[in-house]
file coords.pdb (PDB, C-alpha atoms and all ligand atoms)
ATOM      1  CA  MET N   1      97.669 -54.108-166.458
ATOM      2  CA  ASN N   2      98.716 -53.495-170.040
ATOM      3  CA  ILE N   3      99.279 -49.764-170.406
ATOM      4  CA  ASN N   4     100.497 -48.159-173.591
ATOM      5  CA  TYR N   5     102.820 -45.370-172.450
ATOM      6  CA  ASN N   6     103.142 -44.138-176.032
ATOM      7  CA  ASN N   7      99.486 -43.220-175.748
ATOM      8  CA  MET N   8     100.111 -40.320-173.381
ATOM      9  CA  LYS N   9      98.368 -37.061-174.222
ATOM     10  CA  TYR N  10      98.295 -33.556-172.832
ATOM     11  CA  LYS N  11      95.083 -33.029-170.901
ATOM     12  CA  ILE N  12      94.833 -29.747-169.005
ATOM     13  CA  THR N  13      96.863 -27.048-167.254
ATOM     14  CA  CYS N  14      95.719 -26.008-163.770
ATOM     15  CA  ALA N  15      96.844 -22.852-161.975
ATOM     16  CA  ASP N  16      94.460 -23.487-159.110
ATOM     17  CA  VAL N  17      93.366 -26.622-157.285
ATOM     18  CA  LYS N  18      89.755 -25.612-157.991
ATOM     19  CA  ASN N  19      90.239 -26.646-161.614
ATOM     20  CA  LEU N  20      91.768 -30.109-161.133
ATOM     21  CA  PRO N  21      90.247 -32.757-163.404
ATOM     22  CA  SER N  22      88.014 -35.414-161.884
ATOM     23  CA  ASP N  23      88.028 -38.419-164.173
ATOM     24  CA  GLY N  24      87.807 -41.118-161.513
ATOM     25  CA  ILE N  25      91.001 -42.791-162.721
ATOM     26  CA  PRO N  26      94.199 -43.204-160.650
ATOM     27  CA  GLU N  27      96.376 -40.126-160.340
ATOM     28  CA  ILE N  28     100.175 -40.299-160.431
ATOM     29  CA  VAL N  29     102.006 -37.169-159.299
ATOM     30  CA  ILE N  30     105.533 -36.151-160.217
ATOM     31  CA  SER N  31     107.098 -33.948-157.547
ATOM     32  CA  GLY N  32     110.566 -32.655-156.738
ATOM     33  CA  ARG N  33     112.726 -29.560-156.776
ATOM     34  CA  SER N  34     113.051 -27.329-159.823
ATOM     35  CA  ASN N  35     115.217 -28.805-162.539
ATOM     36  CA  ALA N  36     115.070 -32.340-161.059
ATOM     37  CA  GLY N  37     113.890 -33.680-164.407
ATOM     38  CA  LYS N  38     110.130 -34.065-163.824
ATOM     39  CA  SER N  39     108.964 -32.927-167.256
ATOM     40  CA  SER N  40     111.792 -34.866-168.923
ATOM     41  CA  LEU N  41     110.580 -38.005-167.168
ATOM     42  CA  VAL N  42     107.076 -37.505-168.593
ATOM     43  CA  ASN N  43     108.610 -37.363-172.057
ATOM     44  CA  ALA N  44     110.918 -40.339-171.459
ATOM     45  CA  MET N  45     108.015 -42.482-170.286
ATOM     46  CA  ALA N  46     105.940 -41.462-173.309
ATOM     47  CA  GLY N  47     108.858 -42.065-175.688
ATOM     48  CA  THR N  48     108.805 -38.539-177.117
ATOM     49  CA  ASN N  49     110.482 -35.229-176.455
ATOM     50  CA  LYS N  50     107.511 -33.162-177.530
ATOM     51  CA  LEU N  51     104.913 -33.730-174.821
ATOM     52  CA  ALA N  52     106.115 -31.865-171.717
ATOM     53  CA  ARG N  53     108.109 -28.634-171.813
ATOM     54  CA  VAL N  54     111.667 -29.061-170.589
ATOM     55  CA  SER N  55     114.178 -26.317-169.879
ATOM     56  CA  GLY N  56     117.762 -25.948-168.688
ATOM     57  CA  LYS N  57     116.501 -23.017-166.615
ATOM     58  CA  PRO N  58     114.771 -24.046-163.386
ATOM     59  CA  GLY N  59     111.158 -22.961-162.918
ATOM     60  CA  LYS N  60     109.889 -24.017-166.329
ATOM     61  CA  THR N  61     106.726 -25.730-165.134
ATOM     62  CA  ARG N  62     104.688 -23.144-163.233
ATOM     63  CA  GLU N  63     101.305 -24.808-163.158
ATOM     64  CA  ILE N  64     100.087 -28.347-162.702
ATOM     65  CA  ILE N  65     100.180 -29.974-166.108
ATOM     66  CA  TYR N  66      98.027 -33.068-166.547
ATOM     67  CA  PHE N  67      98.604 -35.859-169.015
ATOM     68  CA  ASP N  68      96.241 -38.710-169.757
ATOM     69  CA  LEU N  69      97.996 -42.072-169.738
ATOM     70  CA  ASP N  70      96.206 -44.369-172.158
ATOM     71  CA  GLY N  71      92.844 -43.537-170.555
ATOM     72  CA  LYS N  72      93.942 -45.514-167.478
ATOM     73  CA  ALA N  73      95.583 -42.883-165.281
ATOM     74  CA  LEU N  74      96.323 -39.193-165.027
ATOM     75  CA  ILE N  75      99.897 -37.990-164.660
ATOM     76  CA  ALA N  76     100.326 -34.637-162.883
ATOM     77  CA  ASP N  77     103.584 -32.777-163.566
ATOM     78  CA  LEU N  78     103.981 -30.349-160.643
ATOM     79  CA  PRO N  79     105.955 -27.111-160.563
ATOM     80  CA  GLY N  80     109.307 -27.647-158.875
ATOM     81  CA  TYR N  81     110.125 -26.223-155.461
ATOM     82  CA  GLY N  82     113.307 -24.438-154.413
ATOM     83  CA  TYR N  83     113.467 -22.181-157.431
ATOM     84  CA  SER N  84     115.644 -19.505-155.836
ATOM     85  CA  ALA N  85     116.063 -17.326-158.949
ATOM     86  CA  ALA N  86     112.344 -16.480-158.955
ATOM     87  CA  SER N  87     111.019 -13.590-156.918
ATOM     88  CA  LYS N  88     109.704 -14.424-153.438
ATOM     89  CA  ALA N  89     106.147 -13.758-154.583
ATOM     90  CA  VAL N  90     106.442 -16.105-157.553
ATOM     91  CA  THR N  91     108.119 -18.814-155.451
ATOM     92  CA  ALA N  92     105.370 -18.525-152.852
ATOM     93  CA  LYS N  93     102.738 -18.908-155.550
ATOM     94  CA  PHE N  94     104.302 -22.154-156.861
ATOM     95  CA  SER N  95     104.669 -23.660-153.446
ATOM     96  CA  ASP N  96     101.140 -22.619-152.457
ATOM     97  CA  LEU N  97      99.869 -24.461-155.501
ATOM     98  CA  CYS N  98     101.828 -27.605-154.555
ATOM     99  CA  ASP N  99     100.848 -27.346-150.875
ATOM    100  CA  ASN N 100      97.210 -26.859-151.786
ATOM    101  CA  TYR N 101      97.426 -29.759-154.167
ATOM    102  CA  PHE N 102      98.709 -32.138-151.476
ATOM    103  CA  ARG N 103      96.317 -30.807-148.850
ATOM    104  CA  CYS N 104      93.100 -30.660-150.841
ATOM    105  CA  GLY N 105      92.114 -34.201-149.942
ATOM    106  CA  ARG N 106      92.429 -35.537-153.457
ATOM    107  CA  LYS N 107      93.033 -39.240-153.821
ATOM    108  CA  ILE N 108      96.599 -39.696-155.056
ATOM    109  CA  SER N 109      97.523 -43.212-156.135
ATOM    110  CA  LEU N 110     101.261 -42.652-156.300
ATOM    111  CA  VAL N 111     103.851 -39.892-155.922
ATOM    112  CA  LEU N 112     107.010 -40.079-157.967
ATOM    113  CA  PHE N 113     109.390 -38.081-155.801
ATOM    114  CA  LEU N 114     112.290 -37.024-158.030
ATOM    115  CA  MET N 115     115.773 -35.969-156.996
ATOM    116  CA  ASP N 116     118.777 -35.244-159.191
ATOM    117  CA  ILE N 117     121.158 -38.030-158.140
ATOM    118  CA  ARG N 118     124.164 -35.677-158.162
ATOM    119  CA  ARG N 119     122.770 -33.274-155.602
ATOM    120  CA  THR N 120     122.843 -33.449-151.845
ATOM    121  CA  PRO N 121     119.192 -33.520-150.757
ATOM    122  CA  SER N 122     117.895 -30.069-149.796
ATOM    123  CA  GLU N 123     115.880 -29.194-146.699
ATOM    124  CA  GLU N 124     112.815 -29.144-148.913
ATOM    125  CA  ASP N 125     113.607 -32.651-150.197
ATOM    126  CA  VAL N 126     113.861 -33.920-146.634
ATOM    127  CA  GLY N 127     110.630 -32.062-145.786
ATOM    128  CA  MET N 128     108.843 -33.616-148.747
ATOM    129  CA  LEU N 129     109.935 -37.093-147.726
ATOM    130  CA  ASP N 130     108.855 -36.464-144.118
ATOM    131  CA  PHE N 131     105.490 -35.338-145.394
ATOM    132  CA  LEU N 132     105.113 -38.452-147.558
ATOM    133  CA  ASN N 133     106.082 -40.709-144.678
ATOM    134  CA  LYS N 134     103.418 -39.079-142.495
ATOM    135  CA  THR N 135     100.659 -39.628-145.041
ATOM    136  CA  ASP N 136      99.541 -42.956-146.424
ATOM    137  CA  ILE N 137     100.172 -41.910-150.033
ATOM    138  CA  PRO N 138     102.326 -44.536-151.756
ATOM    139  CA  TYR N 139     105.506 -43.102-153.237
ATOM    140  CA  PHE N 140     108.552 -44.021-155.239
ATOM    141  CA  ILE N 141     111.872 -42.219-154.853
ATOM    142  CA  VAL N 142     113.243 -41.641-158.330
ATOM    143  CA  PHE N 143     116.860 -40.544-158.703
ATOM    144  CA  THR N 144     117.265 -38.829-162.052
ATOM    145  CA  LYS N 145     120.125 -38.007-164.449
ATOM    146  CA  CYS N 146     122.035 -41.235-163.710
ATOM    147  CA  ASP N 147     123.792 -40.899-167.071
ATOM    148  CA  LYS N 148     125.933 -38.213-165.404
ATOM    149  CA  PHE N 149     127.669 -40.851-163.279
ATOM    150  CA  SER N 150     129.862 -43.862-163.977
ATOM    151  CA  ALA N 151     128.692 -47.177-162.495
ATOM    152  CA  ASN N 152     131.197 -46.763-159.667
ATOM    153  CA  GLU N 153     130.171 -43.181-158.862
ATOM    154  CA  LEU N 154     126.528 -44.257-158.978
ATOM    155  CA  ARG N 155     127.114 -46.996-156.403
ATOM    156  CA  LYS N 156     128.924 -44.589-154.071
ATOM    157  CA  GLN N 157     126.276 -41.903-154.377
ATOM    158  CA  LEU N 158     123.456 -44.389-153.781
ATOM    159  CA  SER N 159     125.084 -45.596-150.613
ATOM    160  CA  PHE N 160     125.493 -41.953-149.458
ATOM    161  CA  LEU N 161     121.828 -41.242-150.277
ATOM    162  CA  SER N 162     120.575 -44.344-148.541
ATOM    163  CA  GLU N 163     122.435 -43.175-145.420
ATOM    164  CA  CYS N 164     120.832 -39.708-145.745
ATOM    165  CA  PHE N 165     117.338 -41.085-146.043
ATOM    166  CA  ASN N 166     117.561 -44.453-144.381
ATOM    167  CA  PHE N 167     115.172 -46.022-146.907
ATOM    168  CA  ALA N 168     112.938 -48.552-145.276
ATOM    169  CA  ASP N 169     112.342 -50.407-148.497
ATOM    170  CA  ASP N 170     114.733 -50.501-151.469
ATOM    171  CA  SER N 171     111.938 -51.646-153.775
ATOM    172  CA  ILE N 172     110.569 -48.083-153.862
ATOM    173  CA  VAL N 173     113.911 -46.620-154.997
ATOM    174  CA  PHE N 174     114.530 -46.201-158.734
ATOM    175  CA  THR N 175     117.515 -44.808-160.606
ATOM    176  CA  VAL N 176     116.745 -43.503-164.057
ATOM    177  CA  SER N 177     118.053 -41.469-166.936
ATOM    178  CA  SER N 178     115.594 -39.726-169.220
ATOM    179  CA  LYS N 179     118.505 -39.056-171.545
ATOM    180  CA  ASP N 180     119.632 -42.615-172.215
ATOM    181  CA  LYS N 181     116.371 -44.242-170.963
ATOM    182  CA  LYS N 182     118.077 -46.425-168.332
ATOM    183  CA  GLY N 183     115.658 -47.552-165.629
ATOM    184  CA  ILE N 184     112.603 -46.140-167.420
ATOM    185  CA  ALA N 185     111.134 -49.542-168.358
ATOM    186  CA  ASP N 186     111.390 -50.809-164.749
ATOM    187  CA  LEU N 187     109.760 -47.650-163.456
ATOM    188  CA  LYS N 188     106.913 -47.958-165.956
ATOM    189  CA  THR N 189     106.302 -51.572-164.932
ATOM    190  CA  ALA N 190     106.143 -50.577-161.247
ATOM    191  CA  ILE N 191     103.751 -47.697-162.043
ATOM    192  CA  SER N 192     101.514 -50.031-164.074
ATOM    193  CA  ASP N 193     101.340 -52.408-161.095
ATOM    194  CA  ILE N 194     100.133 -49.567-158.867
ATOM    195  CA  ILE N 195      97.554 -48.409-161.436
ATOM    196  CA  SER N 196      96.169 -51.910-161.769
ATOM    197  CA  VAL N 197      95.333 -52.171-158.048
ATOM    198  CA  ASN N 198      93.764 -48.695-157.839
TER     199      ASN N 198
HETATM  200  N1  LIG N 201     121.792 -35.547-168.526
HETATM  201  C1  LIG N 201     120.494 -35.531-168.223
HETATM  202  N2  LIG N 201     119.828 -34.352-168.171
HETATM  203  C2  LIG N 201     118.524 -34.386-167.837
HETATM  204  C3  LIG N 201     117.839 -35.591-167.529
HETATM  205  N3  LIG N 201     116.566 -35.290-167.207
HETATM  206  C4  LIG N 201     116.450 -33.954-167.329
HETATM  207  N4  LIG N 201     117.613 -33.393-167.697
HETATM  208  C5  LIG N 201     117.887 -31.960-167.924
HETATM  209  O1  LIG N 201     117.589 -31.238-166.730
HETATM  210  C6  LIG N 201     117.016 -29.962-167.045
HETATM  211  C7  LIG N 201     115.682 -29.799-166.339
HETATM  212  O2  LIG N 201     114.773 -30.760-166.854
HETATM  213  P1  LIG N 201     113.186 -30.594-166.677
HETATM  214  O3  LIG N 201     112.602 -31.898-167.098
HETATM  215  O4  LIG N 201     112.689 -29.367-167.340
HETATM  216  O5  LIG N 201     113.084 -30.436-165.095
HETATM  217  P2  LIG N 201     111.790 -30.124-164.201
HETATM  218  O6  LIG N 201     111.945 -30.889-162.932
HETATM  219  O7  LIG N 201     110.543 -30.357-164.982
HETATM  220  O8  LIG N 201     112.003 -28.563-163.906
HETATM  221  P3  LIG N 201     110.884 -27.460-163.465
HETATM  222  O9  LIG N 201     109.757 -27.535-164.458
HETATM  223  O10 LIG N 201     111.656 -26.191-163.534
HETATM  224  O11 LIG N 201     110.473 -27.790-162.071
HETATM  225  C8  LIG N 201     116.927 -29.923-168.568
HETATM  226  O12 LIG N 201     118.063 -29.246-169.054
HETATM  227  C9  LIG N 201     116.951 -31.387-168.980
HETATM  228  O13 LIG N 201     117.461 -31.584-170.273
HETATM  229  C10 LIG N 201     118.587 -36.817-167.611
HETATM  230  O14 LIG N 201     118.113 -37.933-167.364
HETATM  231  N5  LIG N 201     119.906 -36.723-167.949
HETATM  232 MG    MG N 202     108.961 -29.146-165.454
END
call {"tool": "encode", "arguments": {"input": "coords.pdb", "output": "structure tokens", "more": "lines below"}}
Ligand SMILES: Nc1nc2c(ncn2[C@@H]2O[C@H](COP(=O)(O)OP(=O)(O)OP(=O)(O)O)[C@@H](O)[C@H]2O)c(=O)[nH]1
Ligand SMILES: [Mg+2]
result
Amino acid sequence: MNINYNNMKYKITCADVKNLPSDGIPEIVISGRSNAGKSSLVNAMAGTNKLARVSGKPGKTREIIYFDLDGKALIADLPGYGYSAASKAVTAKFSDLCDNYFRCGRKISLVLFLMDIRRTPSEEDVGMLDFLNKTDIPYFIVFTKCDKFSANELRKQLSFLSECFNFADDSIVFTVSSKDKKGIADLKTAISDIISVN
């Protein structure tokens, strides 16, 4: 399907799963720990730095932010988990929102599960992947911030990560950089393929 990623627009902010939009078009969800680069990926895919709010401080995105992708799909930018600097109450509120989101029975066409390639996966990352493997929601694992590594370091880290996770299928693993745009075109093509069969 021909999708114009430059035609991505802000749609709605949801603090509660009661207010999620229902447009009947495929929904792509971006999930991962705080600071993994979720909002930056939205911007990189759209070819702008003005769409989603990005911050060096973890915990920037605190609600579910929806973007409309060329009228053909919705992109949901979730709050990150594992934001330890926030108070317990605030952290619980974020993770309740994410939990409720995944448990509310909504049809999700694809999860983009983001991890900063430099970091050893956290317990929550492993938990998220377990959860995805138990459901039938299709997902891609997207390693972000690849510009931080040389080609050699990247190879080493990917082999470490594939041992950690024991990926069944390499075709769902993407390495990207929102900074220098490496891997973004391939990811967009794979997302478009999913949208076209949903
Ligand atoms: N070098 C580099 N930095 C990146 C990349 N992607 C994101 N960052 C930086 O990582 C930090 C966090 O980025 P965000 O996109 O706000 O991360 P997030 O996952 O949306 O964070 P929360 O909203 O807090 O969950 C920012 O300082 C970004 O500039 C990348 O590809 N390369
Ligand atoms: Mg964010």
call {"tool": "residues_near_ligand", "arguments": {"input": "coords.pdb", "ligand": "ligand MG 202 (chain N)", "cutoff": "9 Å", "atoms": "all atoms listed in the file", "output": "list of chain:residue names"}}
result
N:Ser34, N:Asn35, N:Ala36, N:Gly37, N:Lys38, N:Ser39, N:Ser40, N:Ala52, N:Arg53, N:Val54, N:Ser55, N:Pro58, N:Gly59, N:Lys60, N:Thr61, N:Arg62, N:Ile65, N:Asp77, N:Leu78, N:Pro79, N:Gly80
call {"tool": "closest_residue", "arguments": {"input": "coords.pdb", "among": "N:Asp193, N:Asp130, N:Asp147, N:Asp136", "to": "ligand LIG 201 (chain N)", "atoms": "only C-alpha atoms and all ligand atoms"}}
result
N:Asp147
call {"tool": "axis_aligned_box", "arguments": {"input": "coords.pdb", "around": "segment 64-72 of chain N", "padding_each_side": "6 Å", "output": "AutoDock Vina command-line options"}}
result
--center_x 96.5 --center_y -36.9 --center_z -167.4 --size_x 19.3 --size_y 29.2 --size_z 21.5
call {"tool": "atom_distance", "arguments": {"input": "coords.pdb", "atom1": "atom CA of Asn2 of chain N", "atom2": "atom CA of Met45 of chain N"}}
result
14.4 Å
call {"tool": "resolve_selection", "arguments": {"input": "coords.pdb", "expression": "the PyMOL selection byres (((chain N and resi 182-186) around 10) and not hetatm)", "output": "number ranges by chain"}}
result
N: 41, 44-45, 47, 142-147, 174-181, 187-192
call {"tool": "residues_around", "arguments": {"input": "coords.pdb", "residues": "segment 4-8 of chain N", "least_positions_apart": "4", "cutoff": "8 Å", "atoms": "all atoms listed in the file", "output": "VMD selection string"}}
result
chain N and resid 45 to 47 67 to 70
call {"tool": "resolve_selection", "arguments": {"input": "coords.pdb", "expression": "the PyMOL selection byres (((chain N and resi 97-114) around 8) and not hetatm)", "output": "CSV table (one decimal) with C-alpha atoms, keeping the file's coordinate frame"}}
result
chain,number,residue,atom,x,y,z
N,15,ALA,CA,96.8,-22.9,-162.0
N,16,ASP,CA,94.5,-23.5,-159.1
N,17,VAL,CA,93.4,-26.6,-157.3
N,26,PRO,CA,94.2,-43.2,-160.6
N,27,GLU,CA,96.4,-40.1,-160.3
N,28,ILE,CA,100.2,-40.3,-160.4
N,29,VAL,CA,102.0,-37.2,-159.3
N,30,ILE,CA,105.5,-36.2,-160.2
N,31,SER,CA,107.1,-33.9,-157.5
N,32,GLY,CA,110.6,-32.7,-156.7
N,33,ARG,CA,112.7,-29.6,-156.8
N,36,ALA,CA,115.1,-32.3,-161.1
N,37,GLY,CA,113.9,-33.7,-164.4
N,38,LYS,CA,110.1,-34.1,-163.8
N,63,GLU,CA,101.3,-24.8,-163.2
N,78,LEU,CA,104.0,-30.3,-160.6
N,79,PRO,CA,106.0,-27.1,-160.6
N,93,LYS,CA,102.7,-18.9,-155.6
N,94,PHE,CA,104.3,-22.2,-156.9
N,95,SER,CA,104.7,-23.7,-153.4
N,96,ASP,CA,101.1,-22.6,-152.5
N,115,MET,CA,115.8,-36.0,-157.0
N,116,ASP,CA,118.8,-35.2,-159.2
N,137,ILE,CA,100.2,-41.9,-150.0
N,138,PRO,CA,102.3,-44.5,-151.8
N,139,TYR,CA,105.5,-43.1,-153.2
N,140,PHE,CA,108.6,-44.0,-155.2
N,141,ILE,CA,111.9,-42.2,-154.9
N,142,VAL,CA,113.2,-41.6,-158.3
N,143,PHE,CA,116.9,-40.5,-158.7
N,144,THR,CA,117.3,-38.8,-162.1
N,194,ILE,CA,100.1,-49.6,-158.9
N,195,ILE,CA,97.6,-48.4,-161.4
N,198,ASN,CA,93.8,-48.7,-157.8
call {"tool": "closest_residue", "arguments": {"input": "coords.pdb", "among": "N:Thr120, N:Lys148, N:Ile3, N:Thr135", "to": "ligand LIG 201 (chain N)", "atoms": "all atoms listed in the file"}}
result
N:Lys148
call {"tool": "closest_residue", "arguments": {"input": "coords.pdb", "among": "N:Tyr10, N:Phe160, N:Tyr81, N:Tyr66", "to": "ligand LIG 201 (chain N)", "atoms": "only C-alpha atoms and all ligand atoms"}}
result
N:Tyr81
call {"tool": "atom_distance", "arguments": {"input": "coords.pdb", "atom1": "atom P1 of ligand LIG 201 (chain N)", "atom2": "atom CA of Lys57 of chain N"}}
result
8.3 Å
call {"tool": "atom_distance", "arguments": {"input": "coords.pdb", "atom1": "atom CA of Ile75 of chain N", "atom2": "atom C9 of ligand LIG 201 (chain N)"}}
result
18.8 Å
call {"tool": "closest_residue", "arguments": {"input": "coords.pdb", "among": "N:Ser122, N:Asn49, N:Asn133, N:Ser196", "to": "ligand LIG 201 (chain N)", "atoms": "all atoms listed in the file"}}
result
N:Asn49
call {"tool": "closest_residue", "arguments": {"input": "coords.pdb", "among": "N:Ser22, N:Gln157, N:Asn43, N:Asn152", "to": "ligand LIG 201 (chain N)", "atoms": "all atoms listed in the file"}}
result
N:Asn43
call {"tool": "closest_residue", "arguments": {"input": "coords.pdb", "among": "N:Met128, N:Leu158, N:Ile117, N:Ile172", "to": "ligand LIG 201 (chain N)", "atoms": "all atoms listed in the file"}}
result
N:Ile117
call {"tool": "build_atoms", "arguments": {"input": "coords.pdb", "residues": "segment 122-141 of chain N", "atoms": "N, CA and C atoms", "output": "PDB file, in the frame of the given file"}}
result
ATOM      1  N   SER N 122     118.112 -31.366-150.436  1.00  0.00           N
ATOM      2  CA  SER N 122     117.895 -30.069-149.796  1.00  0.00           C
ATOM      3  C   SER N 122     116.942 -30.242-148.610  1.00  0.00           C
ATOM      4  N   GLU N 123     116.840 -29.167-147.814  1.00  0.00           N
ATOM      5  CA  GLU N 123     115.880 -29.194-146.699  1.00  0.00           C
ATOM      6  C   GLU N 123     114.479 -29.495-147.197  1.00  0.00           C
ATOM      7  N   GLU N 124     114.159 -28.917-148.360  1.00  0.00           N
ATOM      8  CA  GLU N 124     112.815 -29.144-148.913  1.00  0.00           C
ATOM      9  C   GLU N 124     112.624 -30.602-149.323  1.00  0.00           C
ATOM     10  N   ASP N 125     113.697 -31.225-149.848  1.00  0.00           N
ATOM     11  CA  ASP N 125     113.607 -32.651-150.197  1.00  0.00           C
ATOM     12  C   ASP N 125     113.312 -33.477-148.944  1.00  0.00           C
ATOM     13  N   VAL N 126     114.049 -33.172-147.885  1.00  0.00           N
ATOM     14  CA  VAL N 126     113.861 -33.920-146.634  1.00  0.00           C
ATOM     15  C   VAL N 126     112.436 -33.674-146.108  1.00  0.00           C
ATOM     16  N   GLY N 127     111.983 -32.411-146.226  1.00  0.00           N
ATOM     17  CA  GLY N 127     110.630 -32.062-145.786  1.00  0.00           C
ATOM     18  C   GLY N 127     109.573 -32.805-146.585  1.00  0.00           C
ATOM     19  N   MET N 128     109.796 -32.909-147.872  1.00  0.00           N
ATOM     20  CA  MET N 128     108.843 -33.616-148.747  1.00  0.00           C
ATOM     21  C   MET N 128     108.755 -35.091-148.356  1.00  0.00           C
ATOM     22  N   LEU N 129     109.926 -35.680-148.098  1.00  0.00           N
ATOM     23  CA  LEU N 129     109.935 -37.093-147.726  1.00  0.00           C
ATOM     24  C   LEU N 129     109.274 -37.309-146.361  1.00  0.00           C
ATOM     25  N   ASP N 130     109.526 -36.389-145.428  1.00  0.00           N
ATOM     26  CA  ASP N 130     108.855 -36.464-144.118  1.00  0.00           C
ATOM     27  C   ASP N 130     107.351 -36.424-144.294  1.00  0.00           C
ATOM     28  N   PHE N 131     106.926 -35.476-145.140  1.00  0.00           N
ATOM     29  CA  PHE N 131     105.490 -35.338-145.394  1.00  0.00           C
ATOM     30  C   PHE N 131     104.918 -36.645-145.952  1.00  0.00           C
ATOM     31  N   LEU N 132     105.616 -37.215-146.940  1.00  0.00           N
ATOM     32  CA  LEU N 132     105.113 -38.452-147.558  1.00  0.00           C
ATOM     33  C   LEU N 132     105.061 -39.590-146.543  1.00  0.00           C
ATOM     34  N   ASN N 133     106.064 -39.639-145.681  1.00  0.00           N
ATOM     35  CA  ASN N 133     106.082 -40.709-144.678  1.00  0.00           C
ATOM     36  C   ASN N 133     104.952 -40.559-143.660  1.00  0.00           C
ATOM     37  N   LYS N 134     104.507 -39.307-143.463  1.00  0.00           N
ATOM     38  CA  LYS N 134     103.418 -39.079-142.495  1.00  0.00           C
ATOM     39  C   LYS N 134     102.049 -39.374-143.093  1.00  0.00           C
ATOM     40  N   THR N 135     101.955 -39.352-144.409  1.00  0.00           N
ATOM     41  CA  THR N 135     100.659 -39.628-145.041  1.00  0.00           C
ATOM     42  C   THR N 135     100.649 -41.099-145.437  1.00  0.00           C
ATOM     43  N   ASP N 136      99.516 -41.571-145.943  1.00  0.00           N
ATOM     44  CA  ASP N 136      99.541 -42.956-146.424  1.00  0.00           C
ATOM     45  C   ASP N 136      99.572 -43.004-147.956  1.00  0.00           C
ATOM     46  N   ILE N 137     100.065 -41.926-148.568  1.00  0.00           N
ATOM     47  CA  ILE N 137     100.172 -41.910-150.033  1.00  0.00           C
ATOM     48  C   ILE N 137     101.381 -42.770-150.432  1.00  0.00           C
ATOM     49  N   PRO N 138     101.180 -43.754-151.301  1.00  0.00           N
ATOM     50  CA  PRO N 138     102.326 -44.536-151.756  1.00  0.00           C
ATOM     51  C   PRO N 138     103.274 -43.653-152.570  1.00  0.00           C
ATOM     52  N   TYR N 139     104.570 -43.895-152.436  1.00  0.00           N
ATOM     53  CA  TYR N 139     105.506 -43.102-153.237  1.00  0.00           C
ATOM     54  C   TYR N 139     106.705 -43.931-153.676  1.00  0.00           C
ATOM     55  N   PHE N 140     107.273 -43.492-154.784  1.00  0.00           N
ATOM     56  CA  PHE N 140     108.552 -44.021-155.239  1.00  0.00           C
ATOM     57  C   PHE N 140     109.559 -42.876-155.166  1.00  0.00           C
ATOM     58  N   ILE N 141     110.784 -43.194-154.762  1.00  0.00           N
ATOM     59  CA  ILE N 141     111.872 -42.219-154.853  1.00  0.00           C
ATOM     60  C   ILE N 141     112.584 -42.490-156.171  1.00  0.00           C
TER      61      ILE N 141
END
